>>> print(open('my_file-v9.csv').read())   # CSV, C-alpha atoms
chain,number,residue,atom,x,y,z
A,1,MET,CA,-8.0,-9.9,9.2
A,2,GLN,CA,-5.1,-12.0,10.4
A,3,ALA,CA,-1.7,-10.2,10.6
A,4,GLY,CA,1.1,-12.3,12.0
A,5,ASN,CA,-0.1,-14.0,15.2
A,6,ARG,CA,-2.8,-11.3,15.7
A,7,THR,CA,-6.4,-11.2,14.6
A,8,TYR,CA,-8.0,-7.8,13.9
A,9,SER,CA,-11.7,-8.0,13.7
A,10,THR,CA,-13.2,-5.1,15.7
A,11,ALA,CA,-12.4,-1.4,16.3
A,12,LYS,CA,-11.0,-2.3,19.7
A,13,ASP,CA,-8.3,-4.3,18.0
A,14,ILE,CA,-7.0,-1.1,16.1
A,15,PRO,CA,-5.0,1.5,18.0
A,16,ASP,CA,-6.5,5.0,18.0
A,17,CYS,CA,-3.2,6.7,17.4
A,18,VAL,CA,-0.3,5.4,15.3
A,19,PRO,CA,3.1,6.5,14.2
A,20,VAL,CA,3.1,7.2,10.4
A,21,PHE,CA,5.7,6.7,7.8
A,22,PRO,CA,5.2,9.1,4.9
A,23,LEU,CA,6.7,7.5,1.8
A,24,SER,CA,5.9,8.6,-1.8
A,25,GLY,CA,4.9,6.0,-4.3
A,26,ALA,CA,4.5,3.3,-1.6
A,27,LEU,CA,1.3,1.3,-1.5
A,28,LEU,CA,0.4,-1.1,1.3
A,29,LEU,CA,-3.0,-2.8,1.1
A,30,PRO,CA,-4.8,-5.1,3.6
A,31,GLY,CA,-3.2,-8.5,3.6
A,32,GLY,CA,-0.3,-7.4,1.5
A,33,GLN,CA,3.4,-7.7,2.4
A,34,MET,CA,5.7,-4.7,2.2
A,35,PRO,CA,9.5,-4.9,2.8
A,36,LEU,CA,11.1,-1.8,4.2
A,37,ASN,CA,14.8,-0.9,4.5
A,38,ILE,CA,14.9,1.6,7.4
A,39,PHE,CA,18.0,3.8,7.9
A,40,GLU,CA,16.9,7.3,8.9
A,41,PRO,CA,17.3,7.9,12.6
A,42,ARG,CA,13.7,9.1,13.1
A,43,TYR,CA,12.3,6.0,11.5
A,44,LEU,CA,14.6,3.7,13.3
A,45,GLU,CA,13.1,5.3,16.5
A,46,MET,CA,9.7,4.8,15.0
A,47,ILE,CA,10.3,1.0,14.6
A,48,ASP,CA,11.7,0.8,18.1
A,49,ALA,CA,8.6,2.4,19.5
A,50,ALA,CA,6.3,0.1,17.4
A,51,LEU,CA,8.2,-3.0,18.7
A,52,ARG,CA,7.8,-1.8,22.3
A,53,GLY,CA,4.0,-1.4,21.7
A,54,ASP,CA,1.5,-3.0,19.4
A,55,ARG,CA,3.9,-3.3,16.4
A,56,VAL,CA,1.6,-1.2,14.2
A,57,ILE,CA,2.6,1.7,12.0
A,58,GLY,CA,0.7,3.6,9.3
A,59,MET,CA,2.0,3.8,5.8
A,60,ILE,CA,0.9,7.0,4.0
A,61,GLN,CA,1.9,9.1,1.1
A,62,PRO,CA,2.9,12.8,1.3
A,63,LYS,CA,0.5,14.9,-0.6
A,64,PHE,CA,1.6,15.3,-4.3
A,65,SER,CA,-0.7,18.3,-5.1
A,66,GLU,CA,0.2,21.9,-5.2
A,67,ASP,CA,-0.6,22.4,-1.5
A,68,ALA,CA,1.9,19.7,-0.5
A,69,GLY,CA,3.6,22.0,2.0
A,70,ASN,CA,7.4,22.1,2.7
A,71,SER,CA,9.7,19.2,1.8
A,72,ASP,CA,10.9,18.7,5.4
A,73,ARG,CA,7.3,18.2,6.7
A,74,PRO,CA,5.0,17.7,3.8
A,75,LYS,CA,1.2,17.5,4.3
A,76,LEU,CA,-0.2,14.0,4.3
A,77,CYS,CA,-2.7,12.3,2.1
A,78,ALA,CA,-6.0,11.7,3.8
A,79,VAL,CA,-5.9,7.9,3.5
A,80,GLY,CA,-3.2,5.4,4.4
A,81,CYS,CA,-2.9,1.8,5.4
A,82,LEU,CA,-2.0,0.2,8.8
A,83,GLY,CA,0.7,-2.4,8.8
A,84,ARG,CA,1.9,-4.8,11.5
A,85,VAL,CA,5.6,-5.5,11.8
A,86,ALA,CA,5.6,-9.1,10.8
A,87,SER,CA,9.4,-9.6,10.8
A,88,PHE,CA,12.3,-7.6,11.9
A,89,ALA,CA,16.1,-7.9,11.5
A,90,GLU,CA,19.1,-5.7,12.1
A,91,SER,CA,21.5,-5.5,9.1
A,92,GLY,CA,24.7,-5.0,11.1
A,93,ASP,CA,25.3,-1.6,9.6
A,94,GLY,CA,22.7,0.4,11.4
A,95,ARG,CA,19.7,-0.5,9.3
A,96,TYR,CA,16.5,-2.3,10.1
A,97,LEU,CA,15.0,-4.8,7.6
A,98,VAL,CA,11.3,-4.9,8.2
A,99,SER,CA,8.4,-6.6,6.7
A,100,LEU,CA,4.9,-5.1,7.2
A,101,GLN,CA,1.7,-7.0,6.8
A,102,GLY,CA,-1.3,-4.8,5.8
A,103,ILE,CA,-4.2,-4.8,8.3
A,104,CYS,CA,-6.7,-2.2,7.1
A,105,ARG,CA,-6.8,1.3,5.5
A,106,PHE,CA,-7.4,4.4,7.7
A,107,ARG,CA,-8.4,8.0,7.3
A,108,VAL,CA,-6.3,10.6,9.2
A,109,ALA,CA,-8.6,12.3,11.8
A,110,GLU,CA,-5.8,14.6,12.9
A,111,GLU,CA,-2.0,14.8,13.2
A,112,LEU,CA,-0.9,15.0,16.8
A,113,ASN,CA,1.5,17.5,18.2
A,114,VAL,CA,4.2,15.2,19.6
A,115,ARG,CA,7.8,15.4,20.8
A,116,SER,CA,8.9,12.2,19.0
A,117,PRO,CA,11.0,12.7,15.9
A,118,PHE,CA,8.5,10.7,13.9
A,119,ARG,CA,5.0,11.9,13.1
A,120,GLN,CA,1.9,10.4,14.7
A,121,CYS,CA,-1.8,10.6,13.8
A,122,ARG,CA,-5.2,9.9,15.3
A,123,ILE,CA,-6.9,7.7,12.8
A,124,SER,CA,-10.3,6.3,11.8
A,125,PRO,CA,-10.0,2.7,10.4
A,126,PHE,CA,-11.9,1.3,7.4
A,127,MET,CA,-13.7,-1.4,9.3
A,128,SER,CA,-14.9,-3.0,6.1
A,129,ASP,CA,-11.3,-4.0,5.3
A,130,LEU,CA,-11.4,-6.4,8.3
A,131,ASP,CA,-14.1,-8.5,6.7
A,132,GLU,CA,-12.3,-11.7,5.6
A,133,GLU,CA,-15.1,-12.6,3.2
A,134,GLY,CA,-15.0,-9.2,1.4
A,135,ASP,CA,-16.3,-8.9,-2.1
A,136,ALA,CA,-13.8,-10.9,-4.0
A,137,SER,CA,-16.4,-12.8,-6.1
A,138,SER,CA,-17.4,-9.6,-7.8
A,139,VAL,CA,-13.9,-9.0,-9.4
A,140,ASP,CA,-13.7,-9.5,-13.2
A,141,ARG,CA,-10.8,-11.8,-12.9
A,142,GLU,CA,-10.6,-12.5,-16.7
A,143,ALA,CA,-10.4,-8.8,-17.5
A,144,LEU,CA,-7.7,-8.3,-14.9
A,145,LEU,CA,-5.6,-11.2,-16.2
A,146,ARG,CA,-6.1,-10.1,-19.8
A,147,VAL,CA,-4.7,-6.6,-19.2
A,148,PHE,CA,-1.9,-8.0,-16.9
A,149,ARG,CA,-0.8,-10.3,-19.7
A,150,ALA,CA,-0.9,-7.5,-22.2
A,151,TYR,CA,1.3,-5.4,-19.9
A,152,LEU,CA,3.8,-8.2,-19.5
A,153,ASP,CA,3.9,-8.8,-23.2
A,154,ALA,CA,4.4,-5.1,-24.0
A,155,ASN,CA,7.3,-4.9,-21.6
A,156,ASP,CA,8.9,-8.3,-22.3
A,157,LEU,CA,8.2,-9.6,-18.8
A,158,GLU,CA,7.4,-13.0,-17.4
A,159,ALA,CA,5.1,-14.1,-14.6
A,160,ASP,CA,4.7,-17.2,-12.4
A,161,TRP,CA,1.4,-18.2,-13.9
A,162,GLU,CA,1.0,-21.2,-11.6
A,163,SER,CA,1.0,-18.9,-8.6
A,164,VAL,CA,-1.3,-16.5,-10.3
A,165,LYS,CA,-3.8,-19.3,-11.0
A,166,ARG,CA,-3.7,-20.3,-7.3
A,167,ALA,CA,-4.2,-16.8,-5.9
A,168,GLY,CA,-7.6,-15.8,-4.8
A,169,ASN,CA,-9.1,-12.6,-6.2
A,170,ASP,CA,-8.4,-10.5,-3.2
A,171,THR,CA,-4.7,-11.6,-3.1
A,172,LEU,CA,-4.4,-11.1,-6.9
A,173,VAL,CA,-5.9,-7.7,-7.0
A,174,ASN,CA,-4.0,-6.3,-4.0
A,175,ALA,CA,-0.7,-7.9,-5.0
A,176,LEU,CA,-0.9,-6.6,-8.6
A,177,SER,CA,-1.8,-3.1,-7.3
A,178,MET,CA,1.1,-3.0,-4.9
A,179,MET,CA,3.5,-4.3,-7.6
A,180,SER,CA,2.3,-1.9,-10.3
A,181,PRO,CA,4.9,0.5,-11.5
A,182,TYR,CA,2.7,3.6,-11.4
A,183,GLY,CA,3.2,7.0,-9.8
A,184,PRO,CA,1.9,8.4,-6.5
A,185,ALA,CA,-1.4,9.6,-7.8
A,186,GLU,CA,-2.3,6.2,-9.4
A,187,LYS,CA,-1.1,4.4,-6.2
A,188,GLN,CA,-3.4,6.6,-4.1
A,189,ALA,CA,-6.3,6.0,-6.4
A,190,LEU,CA,-5.8,2.3,-6.0
A,191,LEU,CA,-5.6,2.7,-2.2
A,192,GLU,CA,-8.8,4.8,-2.0
A,193,ALA,CA,-10.9,2.6,-4.3
A,194,PRO,CA,-14.0,1.9,-2.1
A,195,ASP,CA,-13.9,-1.9,-2.6
A,196,LEU,CA,-12.0,-4.7,-4.2
A,197,LYS,CA,-14.1,-4.7,-7.4
A,198,SER,CA,-13.5,-0.9,-7.8
A,199,ARG,CA,-9.7,-1.4,-7.1
A,200,ALA,CA,-9.6,-4.1,-9.8
A,201,GLU,CA,-11.4,-1.8,-12.3
A,202,THR,CA,-9.1,1.1,-11.4
A,203,LEU,CA,-6.0,-1.0,-12.0
A,204,ILE,CA,-7.4,-2.2,-15.3
A,205,ALA,CA,-8.1,1.3,-16.4
A,206,ILE,CA,-4.7,2.7,-15.4
A,207,THR,CA,-2.9,-0.2,-17.1
A,208,GLU,CA,-5.0,0.2,-20.3
A,209,MET,CA,-4.1,3.9,-20.4
A,210,ALA,CA,-0.4,3.1,-19.8
A,211,LEU,CA,-0.5,0.6,-22.7
A,212,ALA,CA,-2.2,3.1,-25.0
A,213,ARG,CA,0.4,5.8,-24.1
A,214,ASP,CA,3.2,3.3,-24.9
A,215,LYS,CA,1.7,2.5,-28.3
A,216,GLU,CA,1.3,6.2,-29.1
A,217,ASP,CA,4.9,6.9,-28.1
A,218,PHE,CA,6.1,4.0,-30.2
A,219,ALA,CA,4.1,5.2,-33.2
A,220,LYS,CA,5.7,8.6,-32.8
A,221,THR,CA,9.2,7.1,-33.0
A,222,LEU,CA,8.3,5.6,-36.4
A,223,GLN,CA,7.2,8.9,-37.9
>>> encode(input="my_file-v9.csv", output="structure tokens")
Amino acid sequence: MQAGNRTYSTAKDIPDCVPVFPLSGALLLPGGQMPLNIFEPRYLEMIDAALRGDRVIGMIQPKFSEDAGNSDRPKLCAVGCLGRVASFAESGDGRYLVSLQGICRFRVAEELNVRSPFRQCRISPFMSDLDEEGDASSVDREALLRVFRAYLDANDLEADWESVKRAGNDTLVNALSMMSPYGPAEKQALLEAPDLKSRAETLIAITEMALARDKEDFAKTLQ
């Protein structure tokens, strides 16, 4: 996996411990790009620390189940995604404008007891995500594009179809997953899908359910 000017191909390329950024509804996937607008002091410090080190942070969602813990320090989901700081700029008003490039998913092995204001975890990376070849050929591209087009039509939206046609299956599936307007549970399901084919199938199923709900809601308004 190439991220910026770094290549990640073995476990030795992945740090054992990383700062983590808990953000509900955020989905970063391997190879994907995520813009971040950082303004909280603890996360400004987190970016400073990442820039001094290997430039890697872990994006992860807070738990959204009943055992989520307190709002100041919520429990974390079991799986997140590592991102490398690919670009960085200061806004002039105290904010950092950051772009992360996804490297690979990780499972939280343990949260560390640290003095830093930001949280840190020992992680176990999903090494299969570093395989550039992957399983892109197994994706049902036609089914994915069909449901994507149906969603756009239902919501009066447009797409750059030339860019869509040029995109490889891995780029297409991960970009559509990250852009999808679904909630934290759906985003986590997309993240935890075991492979690209499963992620595409999950995205299709979630979108079909959303379209069915929209039709049902519309029918109710006509009654």
>>> closest_atom_pairs(input="my_file-v9.csv", of="region 118-188 of chain A", to="region 98-106 of chain A", cutoff="9 Å", atoms="all atoms listed in the file", output="JSON lines")
{"residue": "A:Ile123", "atom": "CA", "partner": "A:Phe106", "partner_atom": "CA", "distance": 6.1}
{"residue": "A:Ser124", "atom": "CA", "partner": "A:Phe106", "partner_atom": "CA", "distance": 5.4}
{"residue": "A:Pro125", "atom": "CA", "partner": "A:Phe106", "partner_atom": "CA", "distance": 4.1}
{"residue": "A:Phe126", "atom": "CA", "partner": "A:Arg105", "partner_atom": "CA", "distance": 5.4}
{"residue": "A:Met127", "atom": "CA", "partner": "A:Cys104", "partner_atom": "CA", "distance": 7.4}
{"residue": "A:Ser128", "atom": "CA", "partner": "A:Cys104", "partner_atom": "CA", "distance": 8.3}
{"residue": "A:Asp129", "atom": "CA", "partner": "A:Cys104", "partner_atom": "CA", "distance": 5.3}
{"residue": "A:Leu130", "atom": "CA", "partner": "A:Cys104", "partner_atom": "CA", "distance": 6.4}
>>> atom_distance(input="my_file-v9.csv", atom1="CA of Asn113 (chain A)", atom2="CA of Cys77 (chain A)")
17.4 Å
>>> residues_near_point(input="my_file-v9.csv", point="(-6.5, 2.6, -7.5)", cutoff="9 Å", atoms="all atoms listed in the file", output="list of chain:residue names")
A:Ser177, A:Ala185, A:Glu186, A:Lys187, A:Gln188, A:Ala189, A:Leu190, A:Leu191, A:Glu192, A:Ala193, A:Ser198, A:Arg199, A:Ala200, A:Glu201, A:Thr202, A:Leu203, A:Ile206
>>> residues_around(input="my_file-v9.csv", residues="Gly94 (chain A)", least_positions_apart="3", cutoff="10 Å", atoms="all atoms listed in the file", output="PyMOL selection string")
chain A and resi 38-41+44+90-91
>>> write_last_selection(input="my_file-v9.csv", atoms="C-alpha atoms", output="JSON list (two decimals), in the coordinates of the input")
[["chain", "number", "residue", "atom", "x", "y", "z"],
["A", 38, "ILE", "CA", 14.90, 1.60, 7.40],
["A", 39, "PHE", "CA", 18.00, 3.80, 7.90],
["A", 40, "GLU", "CA", 16.90, 7.30, 8.90],
["A", 41, "PRO", "CA", 17.30, 7.90, 12.60],
["A", 44, "LEU", "CA", 14.60, 3.70, 13.30],
["A", 90, "GLU", "CA", 19.10, -5.70, 12.10],
["A", 91, "SER", "CA", 21.50, -5.50, 9.10]]
>>> closest_residue(input="my_file-v9.csv", among="A:Gln61, A:Gln33, A:Thr7, A:Ser163", to="Gly83 (chain A)", atoms="only C-alpha atoms")
A:Gln33
>>> atom_distance(input="my_file-v9.csv", atom1="CA of Lys63 (chain A)", atom2="CA of Ile14 (chain A)")
24.3 Å
>>> atom_distance(input="my_file-v9.csv", atom1="CA of Asp153 (chain A)", atom2="CA of Leu36 (chain A)")
29.2 Å
>>> closest_residue(input="my_file-v9.csv", among="A:Val114, A:Leu76, A:Ile47, A:Ala26", to="Ala89 (chain A)", atoms="all atoms listed in the file")
A:Ile47
>>> closest_residue(input="my_file-v9.csv", among="A:Thr171, A:Ser116, A:Thr207, A:Ser24", to="Ala150 (chain A)", atoms="all atoms listed in the file")
A:Thr207
